[in-house]
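Take a look at the structure below.
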Amino acid sequence: LDVAMGMKYCGGIAEVYWEAVELFCKLHREKQEKMGHALLAENWKEYTTLLHALKSTSLSLGGQRLSDMAKAQEMAGRRVLSPESTDVEKRAAIHEIKERHGKTMQLYDDFAAEAARNLEEKGQ
(Lines give C-alpha, C1' and ligand atoms only; values in the text may rest on other atoms or scores of the structure.)
Protein backbone atom coordinates (compact mmCIF):
# COMPACT_ATOMS: atom_id res chain seq x y z
CA LEU A 1 0.00 0.00 0.00
CA ASP A 2 1.73 3.13 -1.23
CA VAL A 3 -0.25 5.82 0.57
CA ALA A 4 1.61 8.68 -1.12
CA MET A 5 0.79 7.28 -4.55
CA GLY A 6 -2.85 6.75 -3.58
CA MET A 7 -3.10 10.28 -2.24
CA LYS A 8 -1.95 11.62 -5.61
CA TYR A 9 -4.77 9.71 -7.31
CA CYS A 10 -7.23 11.18 -4.80
CA GLY A 11 -6.10 14.73 -5.41
CA GLY A 12 -4.20 14.87 -2.13
CA ILE A 13 -7.42 14.79 -0.14
CA ALA A 14 -6.81 12.47 2.80
CA GLU A 15 -10.48 12.07 3.71
CA VAL A 16 -11.34 10.91 0.18
CA TYR A 17 -8.41 8.51 0.13
CA TRP A 18 -9.17 6.87 3.47
CA GLU A 19 -12.87 6.56 2.65
CA ALA A 20 -11.89 4.79 -0.58
CA VAL A 21 -9.56 2.47 1.35
CA GLU A 22 -12.33 1.69 3.82
CA LEU A 23 -14.79 0.89 1.03
CA PHE A 24 -12.19 -1.28 -0.71
CA CYS A 25 -11.74 -3.30 2.48
CA LYS A 26 -15.49 -3.67 3.05
CA LEU A 27 -16.11 -4.92 -0.49
CA HIS A 28 -13.02 -7.13 -0.73
CA ARG A 29 -14.63 -10.51 0.08
CA GLU A 30 -17.78 -9.85 -1.95
CA LYS A 31 -15.78 -8.83 -5.03
CA GLN A 32 -13.39 -11.74 -4.60
CA GLU A 33 -16.30 -14.21 -4.42
CA LYS A 34 -17.77 -12.76 -7.60
CA MET A 35 -14.43 -13.24 -9.37
CA GLY A 36 -14.28 -16.82 -8.16
CA HIS A 37 -17.82 -17.55 -9.36
CA ALA A 38 -17.15 -15.96 -12.74
CA LEU A 39 -13.98 -18.03 -13.09
CA LEU A 40 -15.73 -21.29 -12.20
CA ALA A 41 -18.59 -20.50 -14.59
CA GLU A 42 -16.07 -19.47 -17.25
CA ASN A 43 -18.00 -16.23 -17.59
CA TRP A 44 -15.06 -14.42 -19.13
CA LYS A 45 -16.93 -11.19 -19.74
CA GLU A 46 -17.83 -10.80 -16.06
CA TYR A 47 -14.41 -12.01 -14.93
CA THR A 48 -12.65 -9.53 -17.19
CA THR A 49 -14.89 -6.68 -16.03
CA LEU A 50 -14.25 -7.49 -12.37
CA LEU A 51 -10.48 -7.66 -12.92
CA HIS A 52 -10.59 -4.34 -14.78
CA ALA A 53 -12.26 -2.78 -11.74
CA LEU A 54 -9.72 -4.36 -9.38
CA LYS A 55 -6.88 -3.07 -11.56
CA SER A 56 -8.19 0.48 -11.48
CA THR A 57 -9.24 0.56 -7.84
CA SER A 58 -6.06 -0.95 -6.47
CA LEU A 59 -3.94 1.44 -8.51
CA SER A 60 -5.92 4.44 -7.27
CA LEU A 61 -5.22 3.33 -3.68
CA GLY A 62 -1.51 2.86 -4.25
CA GLY A 63 -1.45 -0.86 -5.02
CA GLN A 64 0.78 -0.95 -8.09
CA ARG A 65 1.68 -4.64 -7.82
CA LEU A 66 -1.92 -5.80 -7.40
CA SER A 67 -2.97 -3.49 -10.22
CA ASP A 68 -0.32 -4.99 -12.50
CA MET A 69 -1.43 -8.54 -11.72
CA ALA A 70 -5.09 -7.67 -12.23
CA LYS A 71 -4.18 -6.02 -15.53
CA ALA A 72 -2.47 -9.19 -16.75
CA GLN A 73 -5.60 -11.18 -15.86
CA GLU A 74 -7.79 -8.60 -17.58
CA MET A 75 -5.67 -8.71 -20.74
CA ALA A 76 -5.87 -12.50 -20.82
CA GLY A 77 -9.65 -12.22 -20.45
CA ARG A 78 -9.76 -9.78 -23.34
CA ARG A 79 -7.88 -12.29 -25.50
CA VAL A 80 -10.49 -14.93 -24.63
CA LEU A 81 -13.29 -12.55 -25.58
CA SER A 82 -11.71 -11.18 -28.74
CA PRO A 83 -13.27 -12.44 -31.96
CA GLU A 84 -9.84 -12.00 -33.50
CA SER A 85 -8.21 -14.54 -31.18
CA THR A 86 -7.74 -18.06 -32.52
CA ASP A 87 -9.00 -21.05 -30.55
CA VAL A 88 -5.41 -21.83 -29.60
CA GLU A 89 -4.90 -18.28 -28.31
CA LYS A 90 -8.17 -18.44 -26.37
CA ARG A 91 -7.24 -21.76 -24.74
CA ALA A 92 -3.80 -20.38 -23.83
CA ALA A 93 -5.38 -17.27 -22.30
CA ILE A 94 -7.83 -19.38 -20.27
CA HIS A 95 -4.94 -21.50 -19.02
CA GLU A 96 -3.05 -18.33 -18.09
CA ILE A 97 -6.08 -16.96 -16.19
CA LYS A 98 -6.57 -20.18 -14.24
CA GLU A 99 -2.85 -20.49 -13.44
CA ARG A 100 -2.57 -16.94 -12.10
CA HIS A 101 -5.96 -16.56 -10.42
CA GLY A 102 -4.89 -17.98 -7.06
CA LYS A 103 -1.77 -15.83 -6.86
CA THR A 104 -3.76 -12.74 -7.84
CA MET A 105 -6.38 -13.46 -5.15
CA GLN A 106 -3.65 -14.03 -2.55
CA LEU A 107 -2.16 -10.64 -3.37
CA TYR A 108 -5.67 -9.16 -3.20
CA ASP A 109 -6.06 -10.65 0.30
CA ASP A 110 -2.64 -9.35 1.36
CA PHE A 111 -3.35 -5.88 0.00
CA ALA A 112 -6.76 -5.70 1.70
CA ALA A 113 -5.21 -6.84 4.99
CA GLU A 114 -2.50 -4.20 4.76
CA ALA A 115 -5.10 -1.56 3.91
CA ALA A 116 -7.19 -2.63 6.92
CA ARG A 117 -4.14 -2.40 9.21
CA ASN A 118 -3.47 1.11 7.93
CA LEU A 119 -7.08 2.07 8.63
CA GLU A 120 -6.79 0.73 12.18
CA GLU A 121 -3.62 2.72 12.73
CA LYS A 122 -5.43 5.84 11.56
CA GLY A 123 -8.28 5.03 13.95
CA GLN A 124 -10.90 4.60 11.23
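Identifiers in the C-alpha coordinates: chain A, B, ... in order shown; residue index from 1 per chain; ligand index from 1 in order shown.
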
Determine, counting only C-alpha atoms, which protein, DNA and RNA residues have an atom within 8 Å of an atom of range 67-77 of chain A; residues of the same chain fewer than 3 positions away are not included. Present the result as a PDB file with all heavy atoms, in the first residue's frame.
ATOM      1  N   TRP A  44     -16.249 -15.248 -18.906  1.00  0.00           N
ATOM      2  CA  TRP A  44     -15.059 -14.419 -19.131  1.00  0.00           C
ATOM      3  C   TRP A  44     -15.373 -12.938 -19.222  1.00  0.00           C
ATOM      4  O   TRP A  44     -14.546 -12.107 -18.844  1.00  0.00           O
ATOM      5  CB  TRP A  44     -14.292 -14.906 -20.360  1.00  0.00           C
ATOM      6  CG  TRP A  44     -13.939 -16.345 -20.216  1.00  0.00           C
ATOM      7  CD1 TRP A  44     -14.314 -17.368 -21.034  1.00  0.00           C
ATOM      8  CD2 TRP A  44     -13.185 -16.953 -19.161  1.00  0.00           C
ATOM      9  NE1 TRP A  44     -13.836 -18.570 -20.562  1.00  0.00           N
ATOM     10  CE2 TRP A  44     -13.135 -18.343 -19.406  1.00  0.00           C
ATOM     11  CE3 TRP A  44     -12.543 -16.471 -18.027  1.00  0.00           C
ATOM     12  CZ2 TRP A  44     -12.474 -19.240 -18.571  1.00  0.00           C
ATOM     13  CZ3 TRP A  44     -11.887 -17.359 -17.195  1.00  0.00           C
ATOM     14  CH2 TRP A  44     -11.856 -18.722 -17.468  1.00  0.00           C
ATOM     15  N   LYS A  45     -16.566 -12.608 -19.669  1.00  0.00           N
ATOM     16  CA  LYS A  45     -16.930 -11.186 -19.738  1.00  0.00           C
ATOM     17  C   LYS A  45     -17.007 -10.604 -18.324  1.00  0.00           C
ATOM     18  O   LYS A  45     -16.438  -9.550 -18.048  1.00  0.00           O
ATOM     19  CB  LYS A  45     -18.251 -11.006 -20.477  1.00  0.00           C
ATOM     20  CG  LYS A  45     -18.628  -9.551 -20.638  1.00  0.00           C
ATOM     21  CD  LYS A  45     -19.860  -9.363 -21.472  1.00  0.00           C
ATOM     22  CE  LYS A  45     -20.122  -7.862 -21.616  1.00  0.00           C
ATOM     23  NZ  LYS A  45     -21.317  -7.573 -22.362  1.00  0.00           N
ATOM     24  N   TYR A  47     -15.721 -11.895 -15.559  1.00  0.00           N
ATOM     25  CA  TYR A  47     -14.411 -12.008 -14.929  1.00  0.00           C
ATOM     26  C   TYR A  47     -13.509 -10.850 -15.369  1.00  0.00           C
ATOM     27  O   TYR A  47     -12.877 -10.201 -14.540  1.00  0.00           O
ATOM     28  CB  TYR A  47     -13.770 -13.355 -15.285  1.00  0.00           C
ATOM     29  CG  TYR A  47     -12.469 -13.606 -14.566  1.00  0.00           C
ATOM     30  CD1 TYR A  47     -12.464 -14.069 -13.257  1.00  0.00           C
ATOM     31  CD2 TYR A  47     -11.244 -13.381 -15.185  1.00  0.00           C
ATOM     32  CE1 TYR A  47     -11.274 -14.297 -12.584  1.00  0.00           C
ATOM     33  CE2 TYR A  47     -10.051 -13.611 -14.525  1.00  0.00           C
ATOM     34  CZ  TYR A  47     -10.070 -14.068 -13.224  1.00  0.00           C
ATOM     35  OH  TYR A  47      -8.889 -14.286 -12.556  1.00  0.00           O
ATOM     36  N   THR A  48     -13.484 -10.588 -16.646  1.00  0.00           N
ATOM     37  CA  THR A  48     -12.646  -9.525 -17.186  1.00  0.00           C
ATOM     38  C   THR A  48     -13.083  -8.161 -16.658  1.00  0.00           C
ATOM     39  O   THR A  48     -12.245  -7.328 -16.296  1.00  0.00           O
ATOM     40  CB  THR A  48     -12.681  -9.563 -18.725  1.00  0.00           C
ATOM     41  OG1 THR A  48     -12.212 -10.852 -19.150  1.00  0.00           O
ATOM     42  CG2 THR A  48     -11.812  -8.486 -19.342  1.00  0.00           C
ATOM     43  N   THR A  49     -14.372  -7.936 -16.569  1.00  0.00           N
ATOM     44  CA  THR A  49     -14.890  -6.683 -16.029  1.00  0.00           C
ATOM     45  C   THR A  49     -14.489  -6.498 -14.570  1.00  0.00           C
ATOM     46  O   THR A  49     -14.060  -5.414 -14.158  1.00  0.00           O
ATOM     47  CB  THR A  49     -16.425  -6.630 -16.176  1.00  0.00           C
ATOM     48  OG1 THR A  49     -16.753  -6.721 -17.570  1.00  0.00           O
ATOM     49  CG2 THR A  49     -17.009  -5.358 -15.585  1.00  0.00           C
ATOM     50  N   LEU A  51     -11.931  -7.869 -13.022  1.00  0.00           N
ATOM     51  CA  LEU A  51     -10.482  -7.657 -12.917  1.00  0.00           C
ATOM     52  C   LEU A  51     -10.097  -6.257 -13.381  1.00  0.00           C
ATOM     53  O   LEU A  51      -9.162  -5.659 -12.840  1.00  0.00           O
ATOM     54  CB  LEU A  51      -9.728  -8.721 -13.714  1.00  0.00           C
ATOM     55  CG  LEU A  51      -9.317  -9.956 -12.915  1.00  0.00           C
ATOM     56  CD1 LEU A  51      -8.239  -9.643 -11.901  1.00  0.00           C
ATOM     57  CD2 LEU A  51     -10.459 -10.677 -12.263  1.00  0.00           C
ATOM     58  N   HIS A  52     -10.820  -5.732 -14.353  1.00  0.00           N
ATOM     59  CA  HIS A  52     -10.590  -4.344 -14.782  1.00  0.00           C
ATOM     60  C   HIS A  52     -10.840  -3.402 -13.602  1.00  0.00           C
ATOM     61  O   HIS A  52     -10.046  -2.482 -13.343  1.00  0.00           O
ATOM     62  CB  HIS A  52     -11.505  -3.992 -15.960  1.00  0.00           C
ATOM     63  CG  HIS A  52     -11.442  -2.549 -16.333  1.00  0.00           C
ATOM     64  ND1 HIS A  52     -10.416  -2.018 -17.085  1.00  0.00           N
ATOM     65  CD2 HIS A  52     -12.267  -1.512 -16.025  1.00  0.00           C
ATOM     66  CE1 HIS A  52     -10.617  -0.720 -17.235  1.00  0.00           C
ATOM     67  NE2 HIS A  52     -11.736  -0.387 -16.603  1.00  0.00           N
ATOM     68  N   LEU A  54     -10.753  -4.150 -10.389  1.00  0.00           N
ATOM     69  CA  LEU A  54      -9.716  -4.357  -9.375  1.00  0.00           C
ATOM     70  C   LEU A  54      -8.425  -3.652  -9.776  1.00  0.00           C
ATOM     71  O   LEU A  54      -7.763  -3.026  -8.944  1.00  0.00           O
ATOM     72  CB  LEU A  54      -9.467  -5.856  -9.177  1.00  0.00           C
ATOM     73  CG  LEU A  54      -8.367  -6.224  -8.178  1.00  0.00           C
ATOM     74  CD1 LEU A  54      -8.671  -5.671  -6.789  1.00  0.00           C
ATOM     75  CD2 LEU A  54      -8.181  -7.736  -8.146  1.00  0.00           C
ATOM     76  N   LYS A  55      -8.089  -3.749 -11.048  1.00  0.00           N
ATOM     77  CA  LYS A  55      -6.884  -3.074 -11.564  1.00  0.00           C
ATOM     78  C   LYS A  55      -6.950  -1.578 -11.268  1.00  0.00           C
ATOM     79  O   LYS A  55      -6.021  -0.993 -10.712  1.00  0.00           O
ATOM     80  CB  LYS A  55      -6.758  -3.302 -13.070  1.00  0.00           C
ATOM     81  CG  LYS A  55      -5.656  -2.495 -13.732  1.00  0.00           C
ATOM     82  CD  LYS A  55      -5.778  -2.511 -15.239  1.00  0.00           C
ATOM     83  CE  LYS A  55      -6.934  -1.615 -15.660  1.00  0.00           C
ATOM     84  NZ  LYS A  55      -7.097  -1.486 -17.105  1.00  0.00           N
ATOM     85  N   SER A  56      -8.048  -0.965 -11.628  1.00  0.00           N
ATOM     86  CA  SER A  56      -8.194   0.485 -11.477  1.00  0.00           C
ATOM     87  C   SER A  56      -8.259   0.911 -10.017  1.00  0.00           C
ATOM     88  O   SER A  56      -7.590   1.869  -9.606  1.00  0.00           O
ATOM     89  CB  SER A  56      -9.457   0.952 -12.204  1.00  0.00           C
ATOM     90  OG  SER A  56      -9.390   0.619 -13.560  1.00  0.00           O
ATOM     91  N   THR A  57      -9.052   0.196  -9.243  1.00  0.00           N
ATOM     92  CA  THR A  57      -9.236   0.558  -7.841  1.00  0.00           C
ATOM     93  C   THR A  57      -7.952   0.401  -7.046  1.00  0.00           C
ATOM     94  O   THR A  57      -7.573   1.290  -6.280  1.00  0.00           O
ATOM     95  CB  THR A  57     -10.351  -0.296  -7.207  1.00  0.00           C
ATOM     96  OG1 THR A  57     -11.540  -0.145  -7.964  1.00  0.00           O
ATOM     97  CG2 THR A  57     -10.608   0.124  -5.773  1.00  0.00           C
ATOM     98  N   SER A  58      -7.286  -0.735  -7.238  1.00  0.00           N
ATOM     99  CA  SER A  58      -6.064  -0.950  -6.465  1.00  0.00           C
ATOM    100  C   SER A  58      -4.990   0.072  -6.839  1.00  0.00           C
ATOM    101  O   SER A  58      -4.262   0.557  -5.969  1.00  0.00           O
ATOM    102  CB  SER A  58      -5.549  -2.383  -6.621  1.00  0.00           C
ATOM    103  OG  SER A  58      -5.317  -2.715  -7.963  1.00  0.00           O
ATOM    104  N   LEU A  59      -4.908   0.424  -8.104  1.00  0.00           N
ATOM    105  CA  LEU A  59      -3.938   1.441  -8.506  1.00  0.00           C
ATOM    106  C   LEU A  59      -4.267   2.783  -7.859  1.00  0.00           C
ATOM    107  O   LEU A  59      -3.376   3.475  -7.358  1.00  0.00           O
ATOM    108  CB  LEU A  59      -3.891   1.585 -10.027  1.00  0.00           C
ATOM    109  CG  LEU A  59      -2.870   2.586 -10.558  1.00  0.00           C
ATOM    110  CD1 LEU A  59      -1.447   2.163 -10.187  1.00  0.00           C
ATOM    111  CD2 LEU A  59      -3.004   2.726 -12.063  1.00  0.00           C
ATOM    112  N   GLY A  63      -1.794   0.561  -4.932  1.00  0.00           N
ATOM    113  CA  GLY A  63      -1.449  -0.856  -5.018  1.00  0.00           C
ATOM    114  C   GLY A  63      -0.947  -1.224  -6.401  1.00  0.00           C
ATOM    115  O   GLY A  63      -1.636  -1.935  -7.139  1.00  0.00           O
ATOM    116  N   GLN A  64       0.221  -0.748  -6.741  1.00  0.00           N
ATOM    117  CA  GLN A  64       0.779  -0.946  -8.090  1.00  0.00           C
ATOM    118  C   GLN A  64       0.917  -2.428  -8.436  1.00  0.00           C
ATOM    119  O   GLN A  64       0.540  -2.856  -9.523  1.00  0.00           O
ATOM    120  CB  GLN A  64       2.139  -0.260  -8.196  1.00  0.00           C
ATOM    121  CG  GLN A  64       2.773  -0.369  -9.573  1.00  0.00           C
ATOM    122  CD  GLN A  64       2.066   0.477 -10.607  1.00  0.00           C
ATOM    123  OE1 GLN A  64       1.910   1.672 -10.414  1.00  0.00           O
ATOM    124  NE2 GLN A  64       1.617  -0.129 -11.686  1.00  0.00           N
ATOM    125  N   VAL A  80      -9.452 -13.891 -24.563  1.00  0.00           N
ATOM    126  CA  VAL A  80     -10.487 -14.926 -24.632  1.00  0.00           C
ATOM    127  C   VAL A  80     -11.717 -14.377 -25.349  1.00  0.00           C
ATOM    128  O   VAL A  80     -12.339 -15.058 -26.165  1.00  0.00           O
ATOM    129  CB  VAL A  80     -10.886 -15.428 -23.227  1.00  0.00           C
ATOM    130  CG1 VAL A  80     -12.062 -16.388 -23.309  1.00  0.00           C
ATOM    131  CG2 VAL A  80      -9.706 -16.084 -22.523  1.00  0.00           C
ATOM    132  N   LEU A  81     -12.078 -13.157 -25.042  1.00  0.00           N
ATOM    133  CA  LEU A  81     -13.294 -12.551 -25.580  1.00  0.00           C
ATOM    134  C   LEU A  81     -13.142 -12.017 -27.004  1.00  0.00           C
ATOM    135  O   LEU A  81     -14.147 -11.827 -27.696  1.00  0.00           O
ATOM    136  CB  LEU A  81     -13.748 -11.402 -24.666  1.00  0.00           C
ATOM    137  CG  LEU A  81     -14.167 -11.811 -23.251  1.00  0.00           C
ATOM    138  CD1 LEU A  81     -14.355 -10.569 -22.382  1.00  0.00           C
ATOM    139  CD2 LEU A  81     -15.415 -12.671 -23.272  1.00  0.00           C
ATOM    140  N   ALA A  93      -4.990 -18.362 -23.203  1.00  0.00           N
ATOM    141  CA  ALA A  93      -5.384 -17.273 -22.302  1.00  0.00           C
ATOM    142  C   ALA A  93      -6.178 -17.817 -21.114  1.00  0.00           C
ATOM    143  O   ALA A  93      -5.974 -17.388 -19.970  1.00  0.00           O
ATOM    144  CB  ALA A  93      -6.188 -16.218 -23.055  1.00  0.00           C
ATOM    145  N   ILE A  94      -7.063 -18.768 -21.361  1.00  0.00           N
ATOM    146  CA  ILE A  94      -7.833 -19.382 -20.271  1.00  0.00           C
ATOM    147  C   ILE A  94      -6.890 -20.101 -19.313  1.00  0.00           C
ATOM    148  O   ILE A  94      -7.020 -19.986 -18.084  1.00  0.00           O
ATOM    149  CB  ILE A  94      -8.915 -20.330 -20.831  1.00  0.00           C
ATOM    150  CG1 ILE A  94     -10.013 -19.519 -21.523  1.00  0.00           C
ATOM    151  CG2 ILE A  94      -9.501 -21.212 -19.716  1.00  0.00           C
ATOM    152  CD1 ILE A  94     -10.982 -20.348 -22.355  1.00  0.00           C
ATOM    153  N   GLU A  96      -3.778 -19.402 -18.776  1.00  0.00           N
ATOM    154  CA  GLU A  96      -3.054 -18.329 -18.089  1.00  0.00           C
ATOM    155  C   GLU A  96      -3.896 -17.768 -16.941  1.00  0.00           C
ATOM    156  O   GLU A  96      -3.400 -17.578 -15.831  1.00  0.00           O
ATOM    157  CB  GLU A  96      -2.770 -17.232 -19.125  1.00  0.00           C
ATOM    158  CG  GLU A  96      -1.787 -16.185 -18.756  1.00  0.00           C
ATOM    159  CD  GLU A  96      -1.589 -15.209 -19.912  1.00  0.00           C
ATOM    160  OE1 GLU A  96      -1.320 -15.638 -21.058  1.00  0.00           O
ATOM    161  OE2 GLU A  96      -1.719 -13.995 -19.657  1.00  0.00           O
ATOM    162  N   ILE A  97      -5.166 -17.503 -17.209  1.00  0.00           N
ATOM    163  CA  ILE A  97      -6.076 -16.960 -16.189  1.00  0.00           C
ATOM    164  C   ILE A  97      -6.157 -17.922 -15.008  1.00  0.00           C
ATOM    165  O   ILE A  97      -6.016 -17.531 -13.848  1.00  0.00           O
ATOM    166  CB  ILE A  97      -7.482 -16.703 -16.777  1.00  0.00           C
ATOM    167  CG1 ILE A  97      -7.455 -15.502 -17.715  1.00  0.00           C
ATOM    168  CG2 ILE A  97      -8.503 -16.480 -15.655  1.00  0.00           C
ATOM    169  CD1 ILE A  97      -8.706 -15.361 -18.573  1.00  0.00           C
ATOM    170  N   ARG A 100      -2.923 -18.130 -12.877  1.00  0.00           N
ATOM    171  CA  ARG A 100      -2.575 -16.940 -12.096  1.00  0.00           C
ATOM    172  C   ARG A 100      -3.656 -16.495 -11.114  1.00  0.00           C
ATOM    173  O   ARG A 100      -3.396 -15.644 -10.266  1.00  0.00           O
ATOM    174  CB  ARG A 100      -2.255 -15.772 -13.035  1.00  0.00           C
ATOM    175  CG  ARG A 100      -0.927 -15.918 -13.728  1.00  0.00           C
ATOM    176  CD  ARG A 100      -0.471 -14.605 -14.322  1.00  0.00           C
ATOM    177  NE  ARG A 100      -1.472 -14.046 -15.202  1.00  0.00           N
ATOM    178  CZ  ARG A 100      -1.233 -13.567 -16.413  1.00  0.00           C
ATOM    179  NH1 ARG A 100      -0.025 -13.572 -16.883  1.00  0.00           N
ATOM    180  NH2 ARG A 100      -2.191 -13.063 -17.148  1.00  0.00           N
ATOM    181  N   HIS A 101      -4.845 -17.037 -11.249  1.00  0.00           N
ATOM    182  CA  HIS A 101      -5.958 -16.558 -10.418  1.00  0.00           C
ATOM    183  C   HIS A 101      -5.643 -16.650  -8.926  1.00  0.00           C
ATOM    184  O   HIS A 101      -5.828 -15.676  -8.187  1.00  0.00           O
ATOM    185  CB  HIS A 101      -7.250 -17.317 -10.745  1.00  0.00           C
ATOM    186  CG  HIS A 101      -8.402 -16.875  -9.910  1.00  0.00           C
ATOM    187  ND1 HIS A 101      -9.098 -15.714 -10.170  1.00  0.00           N
ATOM    188  CD2 HIS A 101      -8.960 -17.411  -8.797  1.00  0.00           C
ATOM    189  CE1 HIS A 101     -10.047 -15.568  -9.259  1.00  0.00           C
ATOM    190  NE2 HIS A 101      -9.979 -16.581  -8.417  1.00  0.00           N
ATOM    191  N   THR A 104      -3.153 -14.072  -7.806  1.00  0.00           N
ATOM    192  CA  THR A 104      -3.764 -12.740  -7.836  1.00  0.00           C
ATOM    193  C   THR A 104      -4.678 -12.545  -6.625  1.00  0.00           C
ATOM    194  O   THR A 104      -4.649 -11.498  -5.976  1.00  0.00           O
ATOM    195  CB  THR A 104      -4.551 -12.527  -9.144  1.00  0.00           C
ATOM    196  OG1 THR A 104      -3.670 -12.731 -10.255  1.00  0.00           O
ATOM    197  CG2 THR A 104      -5.147 -11.135  -9.219  1.00  0.00           C
TER     198      THR A 104
END

Within 10 Å of Val3 in chain A, counting only C-alpha atoms, which residues qualify if same-chain residues fewer than 5 places away don't, as a PDB file with N, CA and C atoms, in the first residue's frame?
ATOM      1  N   LYS A   8      -2.031  10.878  -4.338  1.00  0.00           N
ATOM      2  CA  LYS A   8      -1.950  11.615  -5.610  1.00  0.00           C
ATOM      3  C   LYS A   8      -3.178  11.331  -6.461  1.00  0.00           C
ATOM      4  N   TYR A   9      -3.599  10.071  -6.510  1.00  0.00           N
ATOM      5  CA  TYR A   9      -4.774   9.714  -7.306  1.00  0.00           C
ATOM      6  C   TYR A   9      -6.061  10.296  -6.728  1.00  0.00           C
ATOM      7  N   ALA A  14      -6.938  13.630   1.912  1.00  0.00           N
ATOM      8  CA  ALA A  14      -6.811  12.471   2.799  1.00  0.00           C
ATOM      9  C   ALA A  14      -8.157  11.830   3.109  1.00  0.00           C
ATOM     10  N   TYR A  17      -9.252   9.699   0.238  1.00  0.00           N
ATOM     11  CA  TYR A  17      -8.407   8.510   0.127  1.00  0.00           C
ATOM     12  C   TYR A  17      -8.799   7.458   1.158  1.00  0.00           C
ATOM     13  N   TRP A  18      -8.885   7.840   2.422  1.00  0.00           N
ATOM     14  CA  TRP A  18      -9.173   6.867   3.473  1.00  0.00           C
ATOM     15  C   TRP A  18     -10.585   6.309   3.382  1.00  0.00           C
ATOM     16  N   VAL A  21     -10.234   3.648   0.771  1.00  0.00           N
ATOM     17  CA  VAL A  21      -9.564   2.472   1.348  1.00  0.00           C
ATOM     18  C   VAL A  21     -10.552   1.674   2.181  1.00  0.00           C
ATOM     19  N   SER A  60      -5.535   3.139  -7.832  1.00  0.00           N
ATOM     20  CA  SER A  60      -5.918   4.441  -7.269  1.00  0.00           C
ATOM     21  C   SER A  60      -5.677   4.509  -5.759  1.00  0.00           C
ATOM     22  N   LEU A  61      -5.513   3.349  -5.112  1.00  0.00           N
ATOM     23  CA  LEU A  61      -5.223   3.332  -3.678  1.00  0.00           C
ATOM     24  C   LEU A  61      -3.734   3.187  -3.390  1.00  0.00           C
ATOM     25  N   GLY A  62      -2.939   3.001  -4.438  1.00  0.00           N
ATOM     26  CA  GLY A  62      -1.508   2.856  -4.253  1.00  0.00           C
ATOM     27  C   GLY A  62      -1.047   1.408  -4.264  1.00  0.00           C
ATOM     28  N   GLY A  63      -1.794   0.561  -4.932  1.00  0.00           N
ATOM     29  CA  GLY A  63      -1.449  -0.856  -5.018  1.00  0.00           C
ATOM     30  C   GLY A  63      -0.947  -1.224  -6.401  1.00  0.00           C
ATOM     31  N   ALA A 115      -4.251  -2.761   3.918  1.00  0.00           N
ATOM     32  CA  ALA A 115      -5.096  -1.564   3.914  1.00  0.00           C
ATOM     33  C   ALA A 115      -5.893  -1.474   5.211  1.00  0.00           C
ATOM     34  N   ASN A 118      -3.698  -0.334   8.032  1.00  0.00           N
ATOM     35  CA  ASN A 118      -3.471   1.113   7.929  1.00  0.00           C
ATOM     36  C   ASN A 118      -4.675   1.891   8.428  1.00  0.00           C
TER      37      ASN A 118
END

Within range 2-95 of chain A, find each residue whose DSSP state, derived from the backbone, is alpha helix (DSSP H), and express the selection as an NGL selection string.
:A and (3-9 or 14-40 or 44-61 or 64-81 or 87-95)

CA of Cys25 in chain A and CA of Asp110 in chain A are how many Å apart?
11.0 Å

Identify, on the basis of only C-alpha atoms, every residue whose closest approach to Ala116 in chain A does not exceed 12 Å; exclude the query and any residue fewer than 2 positions from it along the same chain; express the result as a PyMOL selection string.
chain A and resi 1+18-28+109-114+118-124

A:Leu50, A:His95, A:Arg65, A:Gln106 ranked by distance to Arg79 in chain A, top pick (using only C-alpha atoms)
A:His95
